[in-house]
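*Asks:* To be precise about what I am sending: the file is called start32.cif and holds mmCIF, C-alpha atoms.
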data_query
#
loop_
_atom_site.label_atom_id
_atom_site.label_comp_id
_atom_site.auth_asym_id
_atom_site.auth_seq_id
_atom_site.Cartn_x
_atom_site.Cartn_y
_atom_site.Cartn_z
CA MET A 148 -53.56 -32.27 43.43
CA ASP A 149 -56.70 -33.14 41.54
CA GLU A 150 -56.64 -34.23 37.92
CA GLN A 151 -57.57 -30.80 36.55
CA ARG A 152 -54.78 -28.96 38.38
CA LEU A 153 -52.20 -31.60 37.40
CA THR A 154 -53.29 -31.34 33.76
CA GLU A 155 -53.03 -27.54 33.81
CA LEU A 156 -49.49 -27.64 35.19
CA ILE A 157 -48.33 -30.21 32.63
CA GLU A 158 -49.78 -28.13 29.78
CA LYS A 159 -48.14 -24.97 31.11
CA TYR A 160 -44.85 -26.82 31.39
CA LEU A 161 -44.99 -27.90 27.76
CA ASP A 162 -46.04 -24.41 26.70
CA GLY A 163 -43.11 -22.82 28.52
CA THR A 164 -45.52 -20.67 30.58
CA CYS A 165 -44.84 -22.16 34.03
CA THR A 166 -43.48 -20.03 36.83
CA SER A 167 -40.17 -21.21 38.26
CA VAL A 168 -41.96 -22.82 41.22
CA GLU A 169 -44.44 -24.61 38.94
CA LYS A 170 -41.59 -25.89 36.77
CA ALA A 171 -39.86 -27.30 39.82
CA LEU A 172 -43.05 -29.00 41.02
CA VAL A 173 -43.68 -30.65 37.64
CA GLU A 174 -40.09 -31.87 37.48
CA GLN A 175 -40.20 -33.21 41.05
CA TRP A 176 -43.51 -34.93 40.34
CA TYR A 177 -42.20 -36.43 37.11
CA GLU A 178 -39.19 -37.88 38.88
CA SER A 179 -41.42 -39.52 41.49
CA PHE A 180 -42.88 -42.24 39.25
CA ASP A 181 -41.63 -44.70 36.64
CA ALA A 182 -43.14 -43.70 33.30
CA HIS A 183 -42.62 -47.26 31.97
CA ASP A 184 -45.13 -48.57 34.51
CA ILE A 185 -47.99 -46.37 33.25
CA LYS A 186 -50.78 -48.36 31.63
CA PHE A 187 -53.43 -46.57 29.59
CA TYR A 188 -57.09 -47.51 29.30
CA ALA A 189 -58.10 -50.05 26.70
CA GLY A 190 -61.31 -50.57 24.74
CA ASP A 191 -63.24 -47.60 23.37
CA LYS A 192 -60.58 -45.12 24.53
CA GLU A 193 -57.76 -46.83 22.62
CA LYS A 194 -57.41 -44.07 20.01
CA ILE A 195 -57.37 -41.35 22.66
CA ASP A 196 -54.96 -43.37 24.77
CA ARG A 197 -52.45 -43.56 21.92
CA SER A 198 -52.65 -39.78 21.65
CA ALA A 199 -52.15 -39.48 25.39
CA ALA A 200 -49.12 -41.76 25.18
CA ARG A 201 -47.60 -39.55 22.48
CA SER A 202 -48.19 -36.52 24.73
CA LEU A 203 -46.45 -38.29 27.57
CA GLU A 204 -43.50 -38.98 25.26
CA ALA A 205 -43.35 -35.24 24.56
CA LEU A 206 -43.14 -34.61 28.28
CA LYS A 207 -40.36 -37.19 28.62
CA GLN A 208 -38.44 -35.47 25.83
CA LYS A 209 -38.93 -32.12 27.51
CA MET A 210 -37.56 -33.51 30.78
CA ALA A 211 -34.54 -34.94 29.01
CA GLU A 212 -33.80 -31.54 27.46
CA ALA A 213 -34.09 -29.92 30.88
CA GLN A 214 -31.64 -32.41 32.39
CA GLU A 215 -29.16 -31.82 29.58
CA GLU A 216 -29.30 -28.10 30.32
CA LYS A 217 -28.69 -28.80 34.04
CA GLY A 218 -32.17 -27.89 35.11
CA LYS A 219 -32.77 -25.03 32.71
CA VAL A 220 -36.22 -25.42 31.14
CA ILE A 221 -36.30 -24.76 27.37
CA PRO A 222 -39.55 -23.27 25.99
CA MET A 223 -41.51 -25.90 24.05
CA ARG A 224 -41.26 -25.61 20.28
CA ALA A 225 -44.93 -26.41 19.74
CA LYS A 226 -47.84 -25.95 22.10
CA ARG A 227 -49.89 -28.95 23.10
CA LYS A 228 -53.34 -28.43 24.51
CA GLY A 229 -56.58 -30.32 24.58
CA GLY A 230 -58.36 -33.48 25.61
CA PRO A 231 -55.68 -36.19 25.65
CA TRP A 232 -53.90 -34.62 28.61
CA ARG A 233 -56.69 -35.37 31.01
CA TYR A 234 -56.29 -39.06 30.20
CA VAL A 235 -52.54 -38.86 30.79
CA ALA A 236 -53.23 -37.28 34.17
CA ALA A 237 -55.89 -39.85 35.02
CA ALA A 238 -53.65 -42.76 34.09
CA ILE A 239 -50.74 -41.39 36.08
CA ILE A 240 -52.88 -40.75 39.13
CA ILE A 241 -54.29 -44.29 39.01
CA ILE A 242 -50.91 -46.00 38.63
CA ALA A 243 -48.86 -43.70 40.90
CA ALA A 244 -51.53 -42.39 43.23
CA GLY A 245 -49.57 -41.93 46.44
CA THR A 246 -46.53 -40.46 44.73
CA ALA A 247 -48.36 -37.86 42.68
CA GLY A 248 -50.34 -36.82 45.74
CA TYR A 249 -47.13 -36.15 47.61
CA PHE A 250 -46.44 -33.11 45.47
CA PHE A 251 -49.97 -32.07 44.49
CA PHE A 252 -52.95 -32.13 46.82
CA SER A 253 -56.29 -30.52 47.48
CA GLY A 254 -56.86 -28.36 50.51
CA LYS A 255 -58.82 -31.05 52.35
CA GLN A 256 -56.38 -33.86 51.65
CA GLN A 257 -53.89 -34.73 54.37
CA ILE A 258 -50.57 -36.12 53.19
CA ASN A 259 -48.65 -38.50 55.41
CA THR A 260 -45.02 -37.49 55.14
CA PRO A 261 -42.57 -40.42 55.50
CA ALA A 262 -40.68 -40.38 58.76
CA VAL A 263 -37.06 -39.34 58.57
CA ALA A 264 -34.45 -41.11 60.64
CA SER A 265 -33.26 -39.00 63.55
CA LYS A 266 -29.67 -39.01 62.31
CA GLU A 267 -30.88 -37.41 59.06
CA MET A 268 -32.92 -34.66 60.72
CA LYS A 269 -29.83 -32.48 61.03
CA HIS A 270 -30.36 -31.71 57.35
CA ASP A 271 -34.15 -31.76 57.23
CA ALA A 272 -37.29 -30.92 59.19
CA LEU A 273 -40.80 -32.34 59.18
CA PRO A 274 -43.77 -30.10 58.37
CA GLY A 275 -45.96 -28.73 61.12
CA GLY A 276 -49.26 -30.27 62.19
CA ASN A 277 -52.20 -29.95 64.57
CA LYS A 278 -50.52 -28.79 67.77
CA ALA A 279 -51.83 -26.39 70.42
CA THR A 280 -52.24 -25.79 74.12
CA LEU A 281 -55.39 -24.59 75.87
CA THR A 282 -55.04 -22.37 78.94
CA LEU A 283 -58.15 -22.45 81.12
CA ALA A 284 -59.50 -19.64 83.29
CA ASP A 285 -57.72 -20.99 86.40
CA GLY A 286 -54.36 -21.06 84.60
CA SER A 287 -54.21 -24.82 84.05
CA VAL A 288 -52.91 -25.95 80.66
CA ILE A 289 -54.12 -28.77 78.41
CA VAL A 290 -51.89 -30.04 75.58
CA LEU A 291 -54.46 -30.58 72.84
CA ASP A 292 -52.39 -32.63 70.39
CA THR A 293 -51.72 -35.37 72.97
CA THR A 294 -55.06 -35.27 74.80
CA ALA A 295 -57.71 -37.88 73.99
CA ASN A 296 -60.96 -36.85 72.31
CA GLY A 297 -63.98 -36.18 74.51
CA ASP A 298 -64.85 -33.83 77.37
CA LEU A 299 -61.84 -31.80 78.53
CA ALA A 300 -63.15 -29.31 81.09
CA GLN A 301 -66.13 -27.45 82.46
CA GLN A 302 -65.83 -23.66 82.34
CA GLY A 303 -68.78 -22.13 84.18
CA ASN A 304 -71.82 -23.56 82.37
CA THR A 305 -69.80 -24.23 79.20
CA LYS A 306 -68.45 -27.66 78.36
CA VAL A 307 -65.07 -27.84 76.55
CA ILE A 308 -64.81 -30.77 74.15
CA LYS A 309 -62.20 -32.17 71.79
CA LEU A 310 -64.17 -33.56 68.86
CA ASP A 311 -63.27 -36.69 66.91
CA SER A 312 -62.09 -34.42 64.07
CA GLY A 313 -59.55 -32.92 66.48
CA MET A 314 -61.36 -29.57 66.61
CA LEU A 315 -61.75 -27.85 69.98
CA ALA A 316 -65.41 -26.98 70.66
CA TYR A 317 -67.32 -25.01 73.31
CA ASN A 318 -70.90 -26.01 74.11
CA ALA A 319 -72.47 -23.23 76.16
CA GLY A 320 -75.33 -23.99 78.57
CA ASN A 321 -77.36 -21.40 80.45
CA ALA A 322 -74.63 -18.80 80.89
CA ASN A 323 -74.03 -17.06 84.21
CA THR A 324 -74.00 -13.37 83.27
CA SER A 325 -72.32 -12.36 86.53
CA GLU A 326 -69.04 -14.09 85.67
CA VAL A 327 -67.03 -14.07 82.44
CA LEU A 328 -64.32 -16.71 82.11
CA TYR A 329 -61.60 -16.52 79.47
CA ASN A 330 -59.65 -19.28 77.77
CA THR A 331 -56.65 -19.00 75.44
CA ILE A 332 -55.67 -21.42 72.68
CA THR A 333 -52.05 -21.12 71.53
CA THR A 334 -50.28 -22.77 68.63
CA PRO A 335 -46.47 -23.16 68.66
CA ARG A 336 -44.15 -22.69 65.71
CA GLY A 337 -44.87 -25.73 63.59
CA GLY A 338 -48.46 -25.96 64.80
CA GLN A 339 -51.99 -25.10 63.72
CA TYR A 340 -55.44 -25.73 65.20
CA GLN A 341 -59.16 -25.16 64.78
CA VAL A 342 -61.65 -24.07 67.44
CA ARG A 343 -65.43 -23.68 67.46
CA LEU A 344 -66.41 -20.82 69.75
CA PRO A 345 -69.45 -20.83 72.09
CA ASP A 346 -71.60 -19.00 69.47
CA GLY A 347 -70.74 -21.54 66.75
CA SER A 348 -68.19 -19.32 64.99
CA LYS A 349 -65.10 -21.18 63.73
CA VAL A 350 -61.49 -20.04 63.87
CA TRP A 351 -58.44 -21.62 62.23
CA LEU A 352 -55.14 -20.60 63.85
CA ASN A 353 -51.88 -20.63 61.91
CA ALA A 354 -48.49 -21.38 63.47
CA ALA A 355 -47.20 -19.22 66.35
CA SER A 356 -50.62 -17.72 67.04
CA SER A 357 -53.08 -17.38 69.92
CA LEU A 358 -56.73 -16.57 70.49
CA ARG A 359 -58.18 -15.35 73.80
CA PHE A 360 -61.96 -15.58 74.10
CA PRO A 361 -64.77 -15.85 76.67
CA THR A 362 -66.19 -19.30 77.36
CA ALA A 363 -69.67 -17.82 76.82
CA PHE A 364 -70.72 -14.68 74.94
CA THR A 365 -72.96 -13.21 77.61
CA ARG A 366 -72.54 -9.53 76.81
CA ASN A 367 -73.79 -7.34 73.97
CA GLU A 368 -70.57 -7.81 72.00
CA ARG A 369 -68.47 -10.85 71.10
CA ASP A 370 -64.85 -9.83 71.67
CA VAL A 371 -61.78 -12.01 71.06
CA THR A 372 -58.07 -11.15 70.98
CA LEU A 373 -55.73 -12.51 68.29
CA THR A 374 -51.97 -12.69 67.93
CA GLY A 375 -50.37 -14.19 64.83
CA GLU A 376 -52.78 -15.30 62.11
CA GLY A 377 -56.32 -16.62 62.05
CA TYR A 378 -59.10 -17.35 59.57
CA PHE A 379 -62.61 -16.65 60.87
CA GLU A 380 -66.06 -17.86 59.87
CA VAL A 381 -68.32 -15.82 62.13
CA VAL A 382 -71.94 -16.73 62.84
CA HIS A 383 -74.31 -13.88 61.90
CA ASN A 384 -75.84 -12.10 64.90
CA PRO A 385 -76.77 -8.41 64.38
CA ALA A 386 -77.56 -8.02 68.08
CA LYS A 387 -74.01 -9.01 69.06
CA PRO A 388 -71.28 -7.67 66.77
CA PHE A 389 -68.09 -9.74 66.70
CA HIS A 390 -64.79 -7.92 67.35
CA VAL A 391 -61.28 -9.24 66.74
CA ILE A 392 -58.68 -7.18 68.58
CA THR A 393 -55.03 -7.47 67.55
CA GLY A 394 -52.64 -4.87 68.93
CA SER A 395 -54.10 -1.43 68.27
CA THR A 396 -56.30 -2.71 65.43
CA GLN A 397 -59.92 -3.83 65.75
CA VAL A 398 -61.98 -5.67 63.15
CA GLU A 399 -65.76 -5.51 63.60
CA VAL A 400 -68.15 -7.94 61.87
CA LEU A 401 -71.72 -9.18 62.10
CA GLY A 402 -71.23 -12.47 60.24
CA THR A 403 -68.62 -13.10 57.60
CA HIS A 404 -65.48 -14.95 56.44
CA PHE A 405 -62.13 -13.21 56.71
CA ASN A 406 -58.43 -13.71 57.45
CA ILE A 407 -56.22 -11.61 59.73
CA MET A 408 -52.43 -11.80 59.56
CA ALA A 409 -50.89 -9.92 62.49
CA TYR A 410 -47.48 -11.39 63.27
CA GLY A 411 -45.13 -9.20 65.24
CA ASP A 412 -42.28 -9.75 62.77
CA GLU A 413 -44.34 -8.50 59.81
CA ASN A 414 -44.56 -4.82 58.87
CA LEU A 415 -48.32 -4.85 58.25
CA ILE A 416 -51.49 -6.20 59.79
CA LYS A 417 -53.46 -7.58 56.85
CA THR A 418 -57.22 -8.16 57.00
CA THR A 419 -58.58 -9.94 53.91
CA LEU A 420 -62.34 -10.29 53.38
CA LEU A 421 -63.82 -13.30 51.57
CA GLU A 422 -67.53 -12.91 52.37
CA GLY A 423 -69.77 -10.31 54.03
CA SER A 424 -68.36 -7.01 55.24
CA VAL A 425 -66.02 -5.88 58.02
CA LYS A 426 -64.94 -2.59 59.51
CA VAL A 427 -61.25 -2.17 60.30
CA THR A 428 -60.26 0.49 62.85
CA SER A 429 -56.76 1.53 63.89
CA ALA A 430 -55.93 4.68 65.84
CA SER A 431 -58.39 7.25 64.45
CA ASN A 432 -58.64 5.58 61.03
CA THR A 433 -61.53 3.39 59.89
CA ILE A 434 -62.21 1.59 56.64
CA LEU A 435 -65.06 -0.66 55.45
CA LEU A 436 -64.10 -3.73 53.42
CA GLN A 437 -66.07 -5.52 50.72
CA PRO A 438 -65.37 -9.10 49.54
CA GLY A 439 -62.08 -9.36 47.64
CA GLN A 440 -60.56 -6.37 49.44
CA GLN A 441 -57.72 -6.16 51.96
CA ALA A 442 -56.86 -3.58 54.61
CA ASN A 443 -53.17 -3.11 55.41
CA VAL A 444 -52.43 -1.37 58.72
CA ASN A 445 -48.86 -0.17 59.25
CA LYS A 446 -47.00 0.50 62.49
CA ASN A 447 -48.28 4.07 62.88
CA GLY A 448 -51.91 3.01 62.49
CA SER A 449 -52.58 4.29 58.98
CA ILE A 450 -54.71 2.03 56.77
CA LYS A 451 -54.31 1.30 53.07
CA LEU A 452 -57.11 -0.31 51.07
CA LEU A 453 -56.22 -2.86 48.39
CA PRO A 454 -59.36 -3.16 46.24
CA ASN A 455 -58.68 -6.41 44.35
CA VAL A 456 -56.58 -9.09 46.03
CA ASP A 457 -56.11 -12.82 45.60
CA THR A 458 -58.10 -14.10 48.57
CA ASP A 459 -56.82 -17.64 47.92
CA LYS A 460 -53.33 -16.40 48.67
CA ALA A 461 -54.42 -15.00 52.03
CA VAL A 462 -55.95 -18.30 53.17
CA GLY A 463 -53.62 -20.70 51.34
CA TRP A 464 -52.00 -21.68 54.66
CA LYS A 465 -55.36 -23.06 55.87
CA ASP A 466 -55.57 -25.25 52.76
CA GLY A 467 -52.03 -26.62 53.14
CA LEU A 468 -50.22 -24.30 50.73
CA PHE A 469 -47.60 -21.63 50.63
CA LYS A 470 -49.36 -19.50 48.00
CA LEU A 471 -46.80 -17.13 46.55
CA ASP A 472 -47.68 -14.20 44.31
CA GLN A 473 -44.61 -12.06 43.66
CA THR A 474 -43.69 -12.74 47.29
CA ASP A 475 -40.26 -11.50 48.32
CA ILE A 476 -37.67 -13.88 49.75
CA PRO A 477 -37.66 -12.61 53.37
CA GLU A 478 -41.45 -13.01 53.61
CA ILE A 479 -41.24 -16.54 52.21
CA MET A 480 -38.51 -17.45 54.68
CA ARG A 481 -40.55 -16.07 57.60
CA GLN A 482 -43.47 -18.30 56.61
CA ILE A 483 -41.16 -21.30 56.35
CA ALA A 484 -39.54 -20.52 59.71
CA ARG A 485 -42.90 -20.44 61.49
CA TRP A 486 -44.23 -23.62 59.89
CA TYR A 487 -41.08 -25.75 60.20
CA ASP A 488 -39.94 -24.22 63.51
CA VAL A 489 -36.52 -23.24 62.22
CA GLU A 490 -34.29 -20.19 62.38
CA ILE A 491 -33.33 -18.23 59.27
CA VAL A 492 -29.72 -17.07 58.94
CA TYR A 493 -28.70 -14.89 56.00
CA GLU A 494 -25.15 -15.37 54.78
CA GLY A 495 -24.28 -12.03 53.23
CA ALA A 496 -26.85 -9.82 51.54
CA ILE A 497 -30.52 -10.76 51.73
CA PRO A 498 -31.55 -12.12 48.30
CA GLY A 499 -33.73 -9.84 46.22
CA GLY A 500 -36.46 -10.74 43.76
CA SER A 501 -39.78 -12.49 44.27
CA ILE A 502 -41.43 -15.86 43.59
CA SER A 503 -44.90 -16.85 42.39
CA GLY A 504 -46.52 -20.28 42.58
CA ASP A 505 -47.90 -22.84 45.05
CA ILE A 506 -45.76 -25.03 47.32
CA SER A 507 -47.15 -27.78 49.55
CA ARG A 508 -46.84 -27.22 53.31
CA ASN A 509 -46.99 -31.01 53.76
CA MET A 510 -43.55 -31.73 52.31
CA ASN A 511 -40.38 -32.12 54.32
CA LEU A 512 -38.40 -28.90 54.53
CA SER A 513 -35.62 -30.20 52.27
CA LYS A 514 -38.08 -30.63 49.41
CA VAL A 515 -39.48 -27.12 49.84
CA LEU A 516 -35.98 -25.72 49.75
CA LYS A 517 -35.23 -27.71 46.60
CA VAL A 518 -38.13 -25.93 44.91
CA LEU A 519 -36.78 -22.57 46.07
CA GLU A 520 -33.30 -23.55 44.90
CA LEU A 521 -34.62 -23.99 41.36
CA SER A 522 -36.04 -20.48 41.68
CA GLY A 523 -32.61 -19.07 42.48
CA VAL A 524 -32.72 -19.12 46.30
CA HIS A 525 -29.69 -20.96 47.71
CA CYS A 526 -30.34 -22.62 51.08
CA ARG A 527 -28.86 -25.30 53.32
CA ILE A 528 -30.15 -26.83 56.56
CA ASP A 529 -28.09 -27.52 59.65
CA ASN A 530 -29.61 -28.31 63.05
CA LYS A 531 -32.88 -26.35 62.82
CA LYS A 532 -31.24 -23.46 61.00
CA ILE A 533 -31.66 -22.50 57.36
CA TYR A 534 -28.68 -20.66 55.90
CA VAL A 535 -29.70 -18.47 52.97
CA ALA A 536 -27.07 -17.21 50.54
CA PRO A 537 -27.51 -14.63 47.74
#
Since I need it in another form, could you write the structure as structure tokens?

*Replies:*
Amino acid sequence: MDEQRLTELIEKYLDGTCTSVEKALVEQWYESFDAHDIKFYAGDKEKIDRSAARSLEALKQKMAEAQEEKGKVIPMRAKRKGGPWRYVAAAIIIIAAGTAGYFFFSGKQQINTPAVASKEMKHDALPGGNKATLTLADGSVIVLDTTANGDLAQQGNTKVIKLDSGMLAYNAGNANTSEVLYNTITTPRGGQYQVRLPDGSKVWLNAASSLRFPTAFTRNERDVTLTGEGYFEVVHNPAKPFHVITGSTQVEVLGTHFNIMAYGDENLIKTTLLEGSVKVTSASNTILLQPGQQANVNKNGSIKLLPNVDTDKAVGWKDGLFKLDQTDIPEIMRQIARWYDVEIVYEGAIPGGSISGDISRNMNLSKVLKVLELSGVHCRIDNKKIYVAP
């Protein structure tokens, strides 16, 4: 995570205002470096550095109290806020850069998770990554994660390319309007991928998802079909509205940014709008969304409008986070199952309650479960299965 976010979490920890997930992240981060190796700046900052060192000592004391209480975090007796903390964070990041980044990261940062020996994988699982297959119009399949960058195929007058960034891209030539060819990109459990469509629109696919689309938008409408979850940044074109079809629900846009979550094992299809406007239609029901709103479509086709939602939560997966906001345990476990390609087994009653906070999707599964354990969710891993106990 960047310096500002790290500072905020440390301050909240000392104030006793952290969520259970945030507490666990601070404690895991703290354990990942040797505080004795931290060196503060010298020179003009000496006075501030001494203050920062005292603040770090307060954090060390707080951690010691937590350990004595077997992980229970005691509210801080006095609040500590202000400037010195940013120097603590800066010093720690400089001295323990790789370690701190393992637990806190920005959306664009990619964390290299250490490999785990195969004999240990019975009790762990690696996070997902860029994995997908592309099914061409003739039925042939290209495995994108193992295919070299460059030209992959010619579909009509459209060239299919794997860019150096790993993105799949379609460069349309002079389209033949008499023939429409369709391709499908599919991500497995434990996979994600990004594609640039022939009109320049971009789509990010989450795990266990697929997108079917024409290799050239030659008609008056741009129609694609989604299963699973996708984030869309659609190029504006009033003459050709863009439609995303998922089950019995259709989302119509001209040019905008939005996320659709439409997994078959979820009770709702959720369309969250970040920019522009979209129209969501299901059965005979239609609703128009404005930025910051979400449409929830249930199994019978009725639509509920949520006027003010956390859009960051909806797209957290794209930025490498499980963003939890009073999220119930079964929903959390479904997200984990899709990203780590594991099966969830409940031993006894399904745990109640909910969790709020951010958890990295780039950590090994065992570390994610350790965070949940500190939030009261008891889990163990055995051969690609997570056993959850109340």

*Asks:* Would you please work out which residue, of A:Val290, A:Leu373, A:Leu453, A:Val524, is nearest to Met480 in chain A when using all atoms listed in the file?

*Replies:*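 Using all atoms listed in the file, the shortest distance to Met480 in chain A belongs to A:Val524.
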
*Asks:* What is the CA of Pro385 in chain A-CA of Asn455 in chain A distance in Å, reported with one decimal?

*Replies:*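 Interatomic distance here is 27.1 Å.
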
*Asks:* With 12 Å as the cut-off and only C-alpha atoms counted, what is the closest atom pair between each nearby residue of range 317-426 of chain A and range 496-514 of chain A? Distances in Å to one decimal, ordered by chain and number, as a tab-separated table.

*Replies:*
residue	atom	partner	partner_atom	distance
A:Gly337	CA	A:Arg508	CA	10.6
A:Gly338	CA	A:Arg508	CA	11.7
A:Gln339	CA	A:Arg508	CA	11.8
A:Asn353	CA	A:Arg508	CA	11.9
A:Ala354	CA	A:Arg508	CA	11.8

*Asks:* With the PyMOL selection byres ((chain A and resi 424-426) around 6) as the selection, what would be picked from this file? Answer as an MDAnalysis selection string, please.

*Replies:* chainID A and resid 398:400 423 427 434:437

*Asks:* Kindly provide, as JSON, the centre and edge lengths (Å, one decimal) of an axis-aligned box around all atoms of range 375-388 of chain A given in the file, with 8 Å on each side.

*Replies:*
{"center_x": -64.0, "center_y": -12.8, "center_z": 64.3, "size_x": 43.2, "size_y": 26.2, "size_z": 25.5}

*Asks:* One decimal, in Å: what's the spacing between CA of Glu380 in chain A and CA of Gly402 in chain A?

*Replies:*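 Pair CA of Glu380 in chain A / CA of Gly402 in chain A returns 7.5 Å.
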
*Asks:* Please provide as a ChimeraX atom specification all residues within 7 Å of Lys532 in chain A, with the sequence filter that same-chain residues fewer than 2 positions apart are discarded (counting all atoms listed in the file).

*Replies:* /A:489-492,528-530,534

*Asks:* Can those selected residues be exported to a file as an mmCIF file, keeping the file's coordinate frame so that it contains C-alpha atoms?

*Replies:*
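So the final result, stored in again.cif, reads:
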data_model
loop_
_atom_site.group_PDB
_atom_site.id
_atom_site.type_symbol
_atom_site.label_atom_id
_atom_site.label_comp_id
_atom_site.auth_asym_id
_atom_site.auth_seq_id
_atom_site.Cartn_x
_atom_site.Cartn_y
_atom_site.Cartn_z
ATOM 1 C CA VAL A 489 -36.520 -23.240 62.220
ATOM 2 C CA GLU A 490 -34.290 -20.190 62.380
ATOM 3 C CA ILE A 491 -33.330 -18.230 59.270
ATOM 4 C CA VAL A 492 -29.720 -17.070 58.940
ATOM 5 C CA ILE A 528 -30.150 -26.830 56.560
ATOM 6 C CA ASP A 529 -28.090 -27.520 59.650
ATOM 7 C CA ASN A 530 -29.610 -28.310 63.050
ATOM 8 C CA TYR A 534 -28.680 -20.660 55.900
#

*Asks:* Pick out the residues sitting within 12 Å of Val288 in chain A, and hand them over as a list in words; count all atoms listed in the file, and ignore anything fewer than 4 positions along from it in its own chain.

*Replies:*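 With the cut-off at 12 Å, the set is Ala279, Thr280, Leu281, Thr282, Leu283, Ala284, Thr294, Leu299, Ala300, Asn330, Thr331, Ile332 and Thr333 of chain A.
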
*Asks:* Return as an NGL selection string the set of residues that the PyMOL selection byres ((chain A and resi 277) around 12) yields on the displayed structure.

*Replies:* :A and (257 or 274-276 or 278-280 or 290-294 or 312-315 or 333-342 or 351-355 or 465 or 467 or 486)

*Asks:* So, with all atoms listed in the file as the atoms that count, which of A:Asp488, A:Glu155, A:Glu520, A:Asp472 lies closest to Leu273 in chain A?

*Replies:*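 Using all atoms listed in the file, Leu273 in chain A sits closest to A:Asp488.
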
*Asks:* Quick one: residues within 9 Å of Ala171 in chain A, all atoms listed in the file counted, chain neighbours fewer than 2 positions away excluded, as a VMD selection string?

*Replies:* chain A and resid 166 to 169 173 to 176 517 to 519 521 to 522

*Asks:* In Å to one decimal, how far is CA of Gly375 in chain A from CA of Thr393 in chain A?

*Replies:*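 For CA of Thr393 in chain A relative to CA of Gly375 in chain A, the distance reads 8.6 Å.
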
*Asks:* To verify the selection step, state as an mmCIF file with C-alpha atoms, in the frame of the given file which residues the PyMOL selection byres ((chain A and resi 405) around 7) yields on this input.

*Replies:*
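Result file is expr.cif:
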data_model
loop_
_atom_site.group_PDB
_atom_site.id
_atom_site.type_symbol
_atom_site.label_atom_id
_atom_site.label_comp_id
_atom_site.auth_asym_id
_atom_site.auth_seq_id
_atom_site.Cartn_x
_atom_site.Cartn_y
_atom_site.Cartn_z
ATOM 1 C CA TYR A 378 -59.100 -17.350 59.570
ATOM 2 C CA PHE A 379 -62.610 -16.650 60.870
ATOM 3 C CA GLU A 380 -66.060 -17.860 59.870
ATOM 4 C CA THR A 403 -68.620 -13.100 57.600
ATOM 5 C CA HIS A 404 -65.480 -14.950 56.440
ATOM 6 C CA ASN A 406 -58.430 -13.710 57.450
ATOM 7 C CA ILE A 407 -56.220 -11.610 59.730
ATOM 8 C CA THR A 419 -58.580 -9.940 53.910
ATOM 9 C CA LEU A 420 -62.340 -10.290 53.380
ATOM 10 C CA LEU A 421 -63.820 -13.300 51.570
ATOM 11 C CA GLU A 422 -67.530 -12.910 52.370
#
